[in-house]
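Dumped model10.txt below, it's compact mmCIF, C-alpha atoms:
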# COMPACT_ATOMS: atom_id res chain seq x y z
CA MET A 1 121.10 105.82 90.50
CA SER A 2 120.52 109.34 91.71
CA ALA A 3 117.59 111.76 91.93
CA LYS A 4 116.66 113.29 88.60
CA LYS A 5 114.38 115.97 87.21
CA ASN A 6 113.87 114.08 83.96
CA ILE A 7 113.14 110.39 84.11
CA THR A 8 113.45 107.78 81.38
CA VAL A 9 110.64 105.22 81.36
CA SER A 10 109.53 102.33 79.15
CA PHE A 11 105.97 100.99 79.24
CA GLU A 12 103.15 99.62 77.14
CA LEU A 13 100.20 101.84 76.27
CA ASN A 14 97.10 100.34 74.64
CA GLY A 15 99.19 97.46 73.32
CA GLU A 16 101.88 99.68 71.83
CA LYS A 17 105.41 99.73 73.26
CA PHE A 18 106.80 103.09 74.39
CA ASP A 19 110.55 102.77 74.93
CA ASN A 20 112.88 105.20 76.69
CA VAL A 21 110.43 108.06 76.93
CA ILE A 22 111.75 111.05 78.90
CA VAL A 23 109.23 112.64 81.27
CA PRO A 24 109.58 115.46 83.80
CA ALA A 25 109.59 114.13 87.40
CA ARG A 26 106.67 116.35 88.44
CA GLN A 27 104.36 115.47 85.55
CA HIS A 28 101.36 113.30 86.38
CA LEU A 29 100.37 110.49 84.06
CA ALA A 30 97.13 112.12 82.86
CA ASP A 31 99.04 115.16 81.59
CA TYR A 32 101.56 112.93 79.84
CA LEU A 33 98.80 110.89 78.16
CA ARG A 34 96.92 113.96 77.00
CA GLY A 35 100.14 115.49 75.68
CA GLU A 36 100.67 112.37 73.58
CA GLY A 37 97.20 112.76 72.05
CA PHE A 38 95.33 110.34 74.30
CA THR A 39 92.79 113.02 75.17
CA GLY A 40 90.11 110.48 76.07
CA THR A 41 91.59 110.66 79.57
CA HIS A 42 89.89 113.71 81.06
CA LEU A 43 91.11 115.97 83.83
CA GLY A 44 88.65 117.42 86.30
CA CYS A 45 89.93 118.01 89.79
CA GLU A 46 93.52 116.69 89.77
CA GLN A 47 93.12 115.59 93.36
CA GLY A 48 91.47 112.20 93.01
CA ALA A 49 87.92 113.29 93.77
CA CYS A 50 86.14 113.42 90.38
CA GLY A 51 87.25 110.17 88.75
CA ALA A 52 87.34 111.55 85.16
CA CYS A 53 91.00 110.53 84.69
CA THR A 54 90.54 106.90 85.81
CA ILE A 55 92.56 104.53 83.59
CA GLU A 56 93.79 100.96 83.85
CA MET A 57 97.33 100.35 85.10
CA ASP A 58 98.59 96.77 85.41
CA GLY A 59 95.02 95.49 85.31
CA LYS A 60 93.63 97.79 88.00
CA ALA A 61 91.65 101.01 87.81
CA VAL A 62 93.73 103.95 89.05
CA ARG A 63 93.53 107.73 88.98
CA SER A 64 96.02 108.91 86.37
CA CYS A 65 96.22 112.33 88.08
CA LEU A 66 97.53 110.54 91.19
CA VAL A 67 100.26 108.56 89.44
CA LEU A 68 103.43 110.22 88.22
CA ALA A 69 104.47 109.58 84.63
CA SER A 70 107.90 108.77 86.10
CA GLN A 71 106.35 105.80 87.96
CA VAL A 72 105.10 103.85 84.93
CA ASN A 73 108.35 102.09 84.07
CA GLY A 74 107.47 98.49 83.15
CA SER A 75 103.70 98.99 83.45
CA LEU A 76 100.83 98.06 81.15
CA ILE A 77 98.55 101.04 80.66
CA LYS A 78 95.14 101.16 79.06
CA THR A 79 93.14 104.27 78.36
CA VAL A 80 89.64 104.67 76.93
CA GLU A 81 91.16 104.56 73.44
CA GLY A 82 92.42 101.03 74.11
CA PHE A 83 89.35 99.54 75.75
CA ASP A 84 88.60 96.77 73.27
CA ASP A 85 88.04 93.66 75.41
CA ASP A 86 84.75 91.74 75.59
CA ILE A 87 83.72 93.11 78.98
CA MET A 88 84.27 96.67 77.79
CA LYS A 89 82.20 95.98 74.66
CA ILE A 90 79.28 94.91 76.85
CA VAL A 91 79.71 97.95 79.09
CA LYS A 92 79.94 100.39 76.16
CA ASN A 93 76.85 98.92 74.47
CA ASN A 94 74.84 99.25 77.66
CA PHE A 95 75.98 102.83 78.18
CA LEU A 96 74.79 103.58 74.62
CA LYS A 97 71.52 101.71 75.06
CA HIS A 98 70.64 103.56 78.27
CA ASN A 99 71.86 106.95 77.09
CA ALA A 100 74.42 106.96 79.91
CA PHE A 101 77.03 109.04 78.05
CA GLN A 102 75.31 112.45 77.99
CA CYS A 103 78.03 115.13 77.63
CA GLY A 104 80.78 112.50 77.77
CA PHE A 105 83.11 114.21 80.20
CA CYS A 106 82.84 111.62 82.96
CA SER A 107 82.39 108.69 80.54
CA PRO A 108 86.00 107.41 80.24
CA GLY A 109 86.27 107.23 84.05
CA MET A 110 82.76 105.81 84.43
CA LEU A 111 83.55 103.08 81.86
CA MET A 112 86.73 102.12 83.67
CA THR A 113 85.05 102.01 87.08
CA THR A 114 82.16 100.04 85.59
CA LYS A 115 84.52 97.51 84.05
CA GLU A 116 86.04 96.84 87.46
CA ILE A 117 82.59 96.46 89.05
CA VAL A 118 81.41 94.13 86.27
CA LEU A 119 84.56 91.98 86.47
CA LYS A 120 83.60 91.00 90.03
CA LYS A 121 80.54 89.25 88.54
CA LYS A 122 78.50 89.96 91.63
CA LYS A 123 74.87 91.07 91.63
CA LEU A 124 74.54 94.50 93.28
CA THR A 125 71.53 96.53 94.36
CA ARG A 126 71.08 99.97 92.78
CA GLU A 127 72.12 101.45 96.12
CA GLU A 128 75.35 99.42 96.11
CA ILE A 129 76.08 100.44 92.50
CA ARG A 130 75.71 104.07 93.54
CA SER A 131 78.21 103.62 96.35
CA GLU A 132 80.63 101.83 93.95
CA ILE A 133 80.54 104.79 91.55
CA SER A 134 80.64 107.40 94.32
CA GLY A 135 84.20 108.21 93.22
CA ASN A 136 83.07 109.34 89.77
CA TYR A 137 81.24 112.62 89.35
CA CYS A 138 78.72 113.12 86.54
CA ARG A 139 77.94 116.83 86.46
CA CYS A 140 75.06 116.22 84.01
CA THR A 141 73.67 114.27 87.00
CA GLY A 142 72.89 111.40 84.64
CA TYR A 143 73.33 108.84 87.41
CA GLN A 144 69.95 107.17 86.87
CA SER A 145 70.86 106.03 83.37
CA ILE A 146 74.45 105.22 84.38
CA VAL A 147 73.15 102.93 87.13
CA ASP A 148 70.74 101.38 84.56
CA ALA A 149 73.69 100.67 82.24
CA ILE A 150 75.83 99.17 85.02
CA GLU A 151 72.94 97.06 86.30
CA GLU A 152 72.33 95.57 82.84
CA SER A 153 76.08 95.01 82.24
CA ILE A 154 76.34 93.04 85.50
CA THR A 155 73.29 90.93 84.58
CA GLU A 156 74.79 90.23 81.18
CA VAL A 157 78.11 88.86 82.50
CA ILE A 158 76.81 86.78 85.40
CA MET B 159 96.80 122.64 89.78
CA LYS B 160 100.10 121.00 88.97
CA ALA B 161 102.72 119.71 91.37
CA PRO B 162 105.72 121.94 92.14
CA ASP B 163 109.15 121.12 90.78
CA PHE B 164 110.90 118.21 92.46
CA SER B 165 113.28 115.45 91.53
CA TYR B 166 112.50 111.76 91.60
CA TYR B 167 114.47 108.81 92.88
CA GLU B 168 113.35 105.23 92.48
CA ALA B 169 114.83 103.26 95.38
CA GLU B 170 115.98 99.76 94.49
CA THR B 171 116.40 98.56 98.06
CA LEU B 172 115.10 99.64 101.45
CA SER B 173 118.60 100.56 102.61
CA ASP B 174 119.04 102.79 99.52
CA ALA B 175 115.84 104.61 100.41
CA ILE B 176 116.88 104.99 104.07
CA LYS B 177 120.30 106.29 103.10
CA PHE B 178 118.86 108.77 100.63
CA LYS B 179 116.25 110.01 103.11
CA SER B 180 118.83 110.45 105.88
CA GLN B 181 120.87 112.72 103.59
CA ASP B 182 118.02 114.97 102.47
CA ASP B 183 115.62 116.41 105.03
CA GLU B 184 113.39 117.85 102.34
CA ALA B 185 112.86 114.54 100.54
CA ILE B 186 109.56 112.67 101.00
CA ILE B 187 108.80 108.98 100.67
CA LEU B 188 106.36 108.09 97.88
CA ALA B 189 104.44 104.85 98.36
CA GLY B 190 100.94 104.72 96.80
CA GLY B 191 100.85 108.51 96.54
CA GLN B 192 97.08 108.75 96.94
CA SER B 193 97.33 111.40 99.67
CA LEU B 194 100.73 112.79 98.74
CA LEU B 195 99.99 113.52 95.08
CA PRO B 196 96.78 115.48 95.77
CA ALA B 197 98.78 117.48 98.35
CA LEU B 198 101.50 118.12 95.76
CA ASN B 199 98.97 119.01 93.05
CA MET B 200 97.42 121.51 95.45
CA ARG B 201 100.90 122.79 96.35
CA LEU B 202 100.40 122.05 100.02
CA SER B 203 103.81 120.43 100.04
CA SER B 204 107.02 121.15 98.13
CA PRO B 205 109.62 118.44 98.66
CA SER B 206 113.07 118.52 97.10
CA CYS B 207 112.70 114.95 95.96
CA LEU B 208 110.27 112.03 96.00
CA ILE B 209 111.87 108.75 97.04
CA ASP B 210 109.70 106.16 95.34
CA ILE B 211 109.57 102.96 97.40
CA SER B 212 106.47 101.58 95.67
CA LYS B 213 108.38 98.92 93.75
CA LEU B 214 110.37 97.57 96.71
CA LYS B 215 109.81 93.87 97.22
CA ASP B 216 108.78 92.10 100.45
CA LEU B 217 107.09 95.12 101.96
CA ASN B 218 103.51 94.10 101.14
CA ASP B 219 103.24 90.94 103.20
CA ILE B 220 100.08 90.24 105.15
CA ARG B 221 100.67 87.45 107.62
CA LEU B 222 99.25 85.87 110.71
CA GLU B 223 101.73 85.62 113.57
CA ASP B 224 101.31 84.05 117.00
CA ASN B 225 99.22 86.75 118.62
CA SER B 226 99.10 89.36 115.94
CA ILE B 227 98.53 90.21 112.32
CA TYR B 228 101.33 91.88 110.42
CA ILE B 229 100.52 94.16 107.50
CA GLY B 230 103.48 95.26 105.37
CA ALA B 231 103.67 98.98 104.64
CA LEU B 232 103.16 98.61 100.89
CA ALA B 233 100.07 96.36 101.01
CA THR B 234 97.38 98.31 99.14
CA HIS B 235 93.96 98.84 100.70
CA THR B 236 92.54 96.52 98.03
CA GLN B 237 95.07 93.79 98.93
CA VAL B 238 94.20 94.13 102.62
CA MET B 239 90.45 93.97 101.90
CA GLU B 240 90.87 90.88 99.74
CA SER B 241 93.28 89.05 102.08
CA SER B 242 91.72 85.87 103.50
CA ILE B 243 93.59 86.43 106.79
CA ILE B 244 92.07 89.88 107.21
CA ILE B 245 88.58 88.77 106.14
CA GLU B 246 88.67 85.96 108.70
CA LYS B 247 90.48 87.57 111.64
CA PHE B 248 89.87 91.28 111.12
CA PRO B 249 86.48 91.77 109.43
CA SER B 250 86.19 95.18 111.10
CA LEU B 251 89.19 96.41 109.11
CA VAL B 252 87.49 95.38 105.86
CA SER B 253 84.39 97.43 106.70
CA ILE B 254 86.54 100.39 107.73
CA LEU B 255 88.51 100.25 104.48
CA LYS B 256 85.28 100.31 102.48
CA MET B 257 84.92 103.86 103.77
CA VAL B 258 88.44 104.85 102.68
CA ALA B 259 88.10 106.83 99.44
CA HIS B 260 87.03 104.91 96.32
CA ALA B 261 88.02 101.64 94.62
CA ALA B 262 90.46 103.23 92.14
CA ILE B 263 92.24 104.99 95.01
CA ARG B 264 92.25 101.88 97.19
CA ASN B 265 93.94 100.01 94.32
CA LYS B 266 96.99 102.22 94.71
CA GLY B 267 96.87 103.66 98.24
CA THR B 268 98.91 101.72 100.78
CA HIS B 269 98.31 100.73 104.40
CA GLY B 270 101.65 102.06 105.61
CA GLY B 271 101.25 105.22 103.57
CA SER B 272 98.01 106.10 105.28
CA ILE B 273 99.41 105.28 108.74
CA SER B 274 102.59 107.32 108.21
CA TYR B 275 100.95 110.29 106.48
CA GLY B 276 99.11 110.93 109.75
CA ASP B 277 96.10 112.73 108.32
CA PRO B 278 93.92 113.35 111.40
CA ALA B 279 90.80 112.83 109.25
CA ALA B 280 91.88 109.41 108.00
CA GLU B 281 90.49 106.15 109.38
CA LEU B 282 93.64 104.01 109.60
CA PRO B 283 95.67 106.08 112.09
CA ALA B 284 92.68 105.98 114.47
CA PHE B 285 92.29 102.26 113.83
CA ALA B 286 95.96 101.63 114.67
CA VAL B 287 95.61 103.62 117.90
CA ALA B 288 92.36 101.86 118.85
CA MET B 289 93.98 98.46 118.27
CA ASN B 290 97.16 99.31 120.25
CA ALA B 291 99.12 98.48 117.13
CA GLU B 292 102.89 98.49 116.99
CA ILE B 293 104.31 100.56 114.16
CA ILE B 294 107.61 99.27 112.84
CA VAL B 295 110.08 101.66 111.25
CA SER B 296 113.47 100.96 109.78
CA GLY B 297 116.41 103.37 109.90
CA LEU B 298 120.18 103.64 109.76
CA ASN B 299 120.40 101.91 113.15
CA GLY B 300 118.02 99.08 112.34
CA ASN B 301 114.37 98.56 113.20
CA ARG B 302 112.35 100.21 115.93
CA SER B 303 108.83 99.59 117.10
CA ILE B 304 106.56 102.41 118.27
CA ALA B 305 103.20 102.10 120.06
CA ALA B 306 100.54 103.67 117.82
CA GLU B 307 99.37 105.94 120.64
CA ASP B 308 102.85 107.50 120.89
CA PHE B 309 103.32 107.65 117.12
CA TYR B 310 101.12 110.67 116.33
CA LEU B 311 102.62 113.92 117.59
CA GLY B 312 100.45 116.51 115.87
CA LEU B 313 98.95 117.57 112.54
CA PHE B 314 100.53 115.27 109.92
CA GLU B 315 103.37 114.85 112.40
CA THR B 316 104.66 111.46 113.48
CA ASP B 317 107.55 110.01 115.46
CA ILE B 318 109.32 108.84 112.26
CA LYS B 319 112.87 110.23 112.32
CA SER B 320 114.60 111.70 109.29
CA ASP B 321 116.46 108.47 108.55
CA GLU B 322 113.47 106.19 109.11
CA ILE B 323 110.84 104.59 106.90
CA LEU B 324 107.70 102.80 108.06
CA ILE B 325 107.92 99.15 107.02
CA GLY B 326 104.94 97.48 108.65
CA ILE B 327 102.25 97.44 111.31
CA ASN B 328 101.63 94.75 113.88
CA TYR B 329 98.07 94.45 115.16
CA PRO B 330 97.25 92.36 118.25
CA LEU B 331 94.48 89.87 117.46
CA VAL B 332 90.98 90.73 118.59
CA LYS B 333 90.03 88.42 121.48
CA ASN B 334 86.72 86.57 121.72
CA ASN B 335 85.30 89.00 124.27
CA GLU B 336 86.42 92.05 122.28
CA LYS B 337 84.72 93.92 119.48
CA ILE B 338 85.71 96.71 117.14
CA VAL B 339 82.86 99.08 116.37
CA PHE B 340 83.16 101.78 113.77
CA GLU B 341 81.01 104.73 112.78
CA GLU B 342 81.61 107.89 110.76
CA ILE B 343 79.60 110.76 109.40
CA CYS B 344 80.46 112.15 105.98
CA ARG B 345 78.71 114.08 103.23
CA ARG B 346 79.43 111.59 100.46
CA HIS B 347 80.53 107.96 100.55
CA GLY B 348 84.32 107.86 100.34
CA ASP B 349 84.89 111.45 101.41
CA TYR B 350 86.85 112.33 104.51
CA ALA B 351 84.62 112.10 107.55
CA MET B 352 83.25 115.18 109.30
CA ALA B 353 83.80 113.13 112.43
CA GLY B 354 84.47 109.45 113.01
CA LEU B 355 84.89 107.01 115.87
CA ILE B 356 86.53 103.64 116.28
CA ALA B 357 85.77 101.86 119.54
CA LYS B 358 87.41 98.79 120.99
CA VAL B 359 84.99 97.21 123.40
CA LYS B 360 85.56 94.46 125.92
CA THR B 361 82.33 92.87 127.07
CA TYR B 362 81.43 90.55 129.91
CA GLN B 363 78.03 88.86 129.75
CA SER B 364 76.80 91.52 127.33
CA THR B 365 77.76 94.47 129.54
CA ILE B 366 80.61 96.75 128.61
CA GLU B 367 83.60 96.11 130.83
CA LYS B 368 86.18 98.19 129.07
CA LEU B 369 85.90 100.76 126.31
CA LYS B 370 88.52 102.53 124.24
CA LEU B 371 87.26 105.40 122.12
CA VAL B 372 89.40 106.85 119.35
CA PHE B 373 88.04 109.75 117.31
CA PHE B 374 89.24 110.95 113.93
CA ALA B 375 88.53 114.12 111.93
CA THR B 376 88.11 115.88 115.26
CA GLY B 377 91.48 117.32 116.25
CA ASP B 378 95.09 117.36 115.06
CA ARG B 379 95.63 113.60 115.50
CA PRO B 380 93.63 110.48 116.49
CA ASN B 381 91.99 111.50 119.77
CA VAL B 382 91.79 108.97 122.60
CA THR B 383 89.19 109.92 125.20
CA SER B 384 89.74 107.77 128.28
CA LYS B 385 87.71 109.89 130.75
CA THR B 386 84.69 109.89 128.46
CA SER B 387 85.07 106.12 128.03
CA GLU B 388 84.92 105.70 131.80
CA ILE B 389 81.79 107.84 132.02
CA VAL B 390 80.10 105.74 129.33
CA VAL B 391 81.06 102.47 131.04
CA ASN B 392 79.91 103.62 134.49
CA ASN B 393 76.93 105.86 133.76
CA GLY B 394 75.85 105.14 130.20
CA TYR B 395 75.07 107.74 127.56
CA GLU B 396 73.72 111.16 128.45
CA TYR B 397 74.14 113.72 125.65
CA SER B 398 75.03 116.78 127.74
CA VAL B 399 77.38 114.92 130.09
CA ILE B 400 79.24 113.23 127.23
CA LYS B 401 79.44 116.47 125.26
CA LYS B 402 80.96 118.28 128.20
CA SER B 403 83.47 115.52 128.81
CA LEU B 404 84.51 115.36 125.13
CA SER B 405 84.99 119.12 124.97
CA SER B 406 87.45 118.89 127.86
CA GLU B 407 89.31 115.92 126.38
CA ILE B 408 89.64 116.85 122.69
CA ASP B 409 91.15 119.99 121.30
CA PHE B 410 88.62 120.21 118.44
CA ALA B 411 89.73 121.75 115.16
CA GLY B 412 87.18 122.82 112.54
CA ASP B 413 87.63 122.30 108.81
CA LEU B 414 85.86 123.23 105.56
CA ASN B 415 82.99 120.84 106.24
CA SER B 416 82.29 121.43 109.88
CA SER B 417 83.06 123.85 112.67
CA GLU B 418 84.51 122.88 116.06
CA GLU B 419 81.05 123.09 117.60
CA MET B 420 79.62 120.86 114.88
CA LYS B 421 82.40 118.31 115.36
CA LEU B 422 81.81 118.26 119.11
CA HIS B 423 78.11 117.58 118.50
CA LEU B 424 78.86 114.86 115.93
CA ALA B 425 81.47 113.20 118.16
CA THR B 426 78.90 113.06 120.98
CA ILE B 427 76.27 111.57 118.68
CA LEU B 428 78.80 109.02 117.38
CA ILE B 429 79.07 107.52 120.86
CA SER B 430 75.31 106.93 120.98
CA LYS B 431 75.53 105.38 117.50
CA ILE B 432 78.21 102.88 118.48
CA LEU B 433 76.32 102.00 121.67
CA LYS B 434 73.22 101.26 119.56
CA LYS B 435 75.35 99.10 117.26
CA LEU B 436 76.61 97.18 120.29
CA GLU B 437 73.07 96.50 121.50
CA ASN B 438 72.19 94.84 118.21

Please rewrite the model in this file as structure tokens.
Amino acid sequence: MSAKKNITVSFELNGEKFDNVIVPARQHLADYLRGEGFTGTHLGCEQGACGACTIEMDGKAVRSCLVLASQVNGSLIKTVEGFDDDIMKIVKNNFLKHNAFQCGFCSPGMLMTTKEIVLKKKKLTREEIRSEISGNYCRCTGYQSIVDAIEESITEVI
Amino acid sequence: MKAPDFSYYEAETLSDAIKFKSQDDEAIILAGGQSLLPALNMRLSSPSCLIDISKLKDLNDIRLEDNSIYIGALATHTQVMESSIIIEKFPSLVSILKMVAHAAIRNKGTHGGSISYGDPAAELPAFAVAMNAEIIVSGLNGNRSIAAEDFYLGLFETDIKSDEILIGINYPLVKNNEKIVFEEICRRHGDYAMAGLIAKVKTYQSTIEKLKLVFFATGDRPNVTSKTSEIVVNNGYEYSVIKKSLSSEIDFAGDLNSSEEMKLHLATILISKILKKLEN
């Protein structure tokens, strides 16, 4: 195997198999996903600070702007369009209930981060929740209602 | 922004990666990519090729050895934080890692990546220096071990040669009479610190016998301040004395968040903060 500018990868995205897809070496995963129509993954800073592009890769939340599309060979990827599990249903309902979506730009990343927090099934103080979501910017500054939604989601799963 | 043009090579074995790197000076190793990809996206770096080692096996071991803890280069920050060995023997590392970026970044960012990237504002290089860790690299001529203090040569510059790849870090165990104390000042949780300090303290009947101070986000590399440590041990903390000593020992470099003068002030204050922590 040698170094290439175009890489062939196979992976699973939201339960659907993508086989032998050719991606440019320099393209990050968020750009690839958006190009394929998965525009629920948002791009803010492209340097890992804002959290809007957070997706699930092999069961873990990751920044899709900090993963290359060429690195996803063999991976299981889930974006906001594919979030259909029970935990995510609880999280989404609580975001709705507490009006935690607002403009919606940060929501896909917030949902993903929240899912990972909720999966730990550990009671957190509001202060601790704020530090857990410190990697996700909400420029509407709707943090109060986002923390409300996360707090209730945690209570619901414990 | 978007990353510049480069090619990509997924190494299947460590020796493949070493061979490839030795043949191309402009190629860069890609592990977790959580510092490298932002740098590429901001066009601060333009490698010819990324050698992806992230899928190599056996490089993410965390194990307890006779007098040390070994952390494989590819162990992610999350793996290190969740390792029962680290939680039991190295709780200070868990609390330090909580300050490294955010959960989604810690899921991908690797221990060895952070150590070898050599960002002077990062916590782990300073931690390795404070702990007198041994950094193990592998190259065409086999493995080599480098003392952490000799490893950092300048801004993002390390002693890794063009045919070498960092494979693991060996940390001596913390003894019963030793403590690791950590403090940093930053604008937002998870951001790079404006200034930070990791101290290794040896105590005897609750007095400080020996003190090693390692600052980060202050200069071009982790800064060890042995003269200032001596002053603190012998005379205690006096703001103006400590400030003067630090200014002679560290070549402070300002950044977007804080000027040199500000960093000097914060570094001085950090010493009083760790001393307070030790009292409690």

Excluding A:Met88 and its own-chain neighbours fewer than 4 positions away, which residues fall within 8 Å of it when counting all atoms listed in the file? Please give them as a CSV table (one decimal) with C-alpha atoms, in the frame of the given file.
chain,number,residue,atom,x,y,z
A,83,PHE,CA,89.4,99.5,75.8
A,84,ASP,CA,88.6,96.8,73.3
A,92,LYS,CA,79.9,100.4,76.2
A,111,LEU,CA,83.6,103.1,81.9
A,115,LYS,CA,84.5,97.5,84.0

Show me, as a ChimeraX atom specification, every residue of chain A with an atom at most 10 Å from chain B, counting only C-alpha atoms.
/A:1-7,24-28,31,45-49,51,54-57,60-68,70-71,109,112-113,116-117,130-136

Find the spatial neighbours of A:Leu76, counting all atoms listed in the file, within a cut-off of 10 Å - ignore same-chain residues fewer than 4 positions away - and output them as number ranges by chain.
A: 10-17, 56-60, 72

Around all the atoms of stretch 77-85 of chain A listed in the file, draw an axis-aligned box and extend it by 3 Å on each of the six sides; I want its centre and edge lengths in Å to one decimal, as JSON.
{"center_x": 93.3, "center_y": 99.2, "center_z": 77.0, "size_x": 16.5, "size_y": 17.0, "size_z": 13.4}

Atomic distance atom CA of B:Gly412 - atom CA of B:Asp317, expressed in Å with one decimal:
24.2 Å
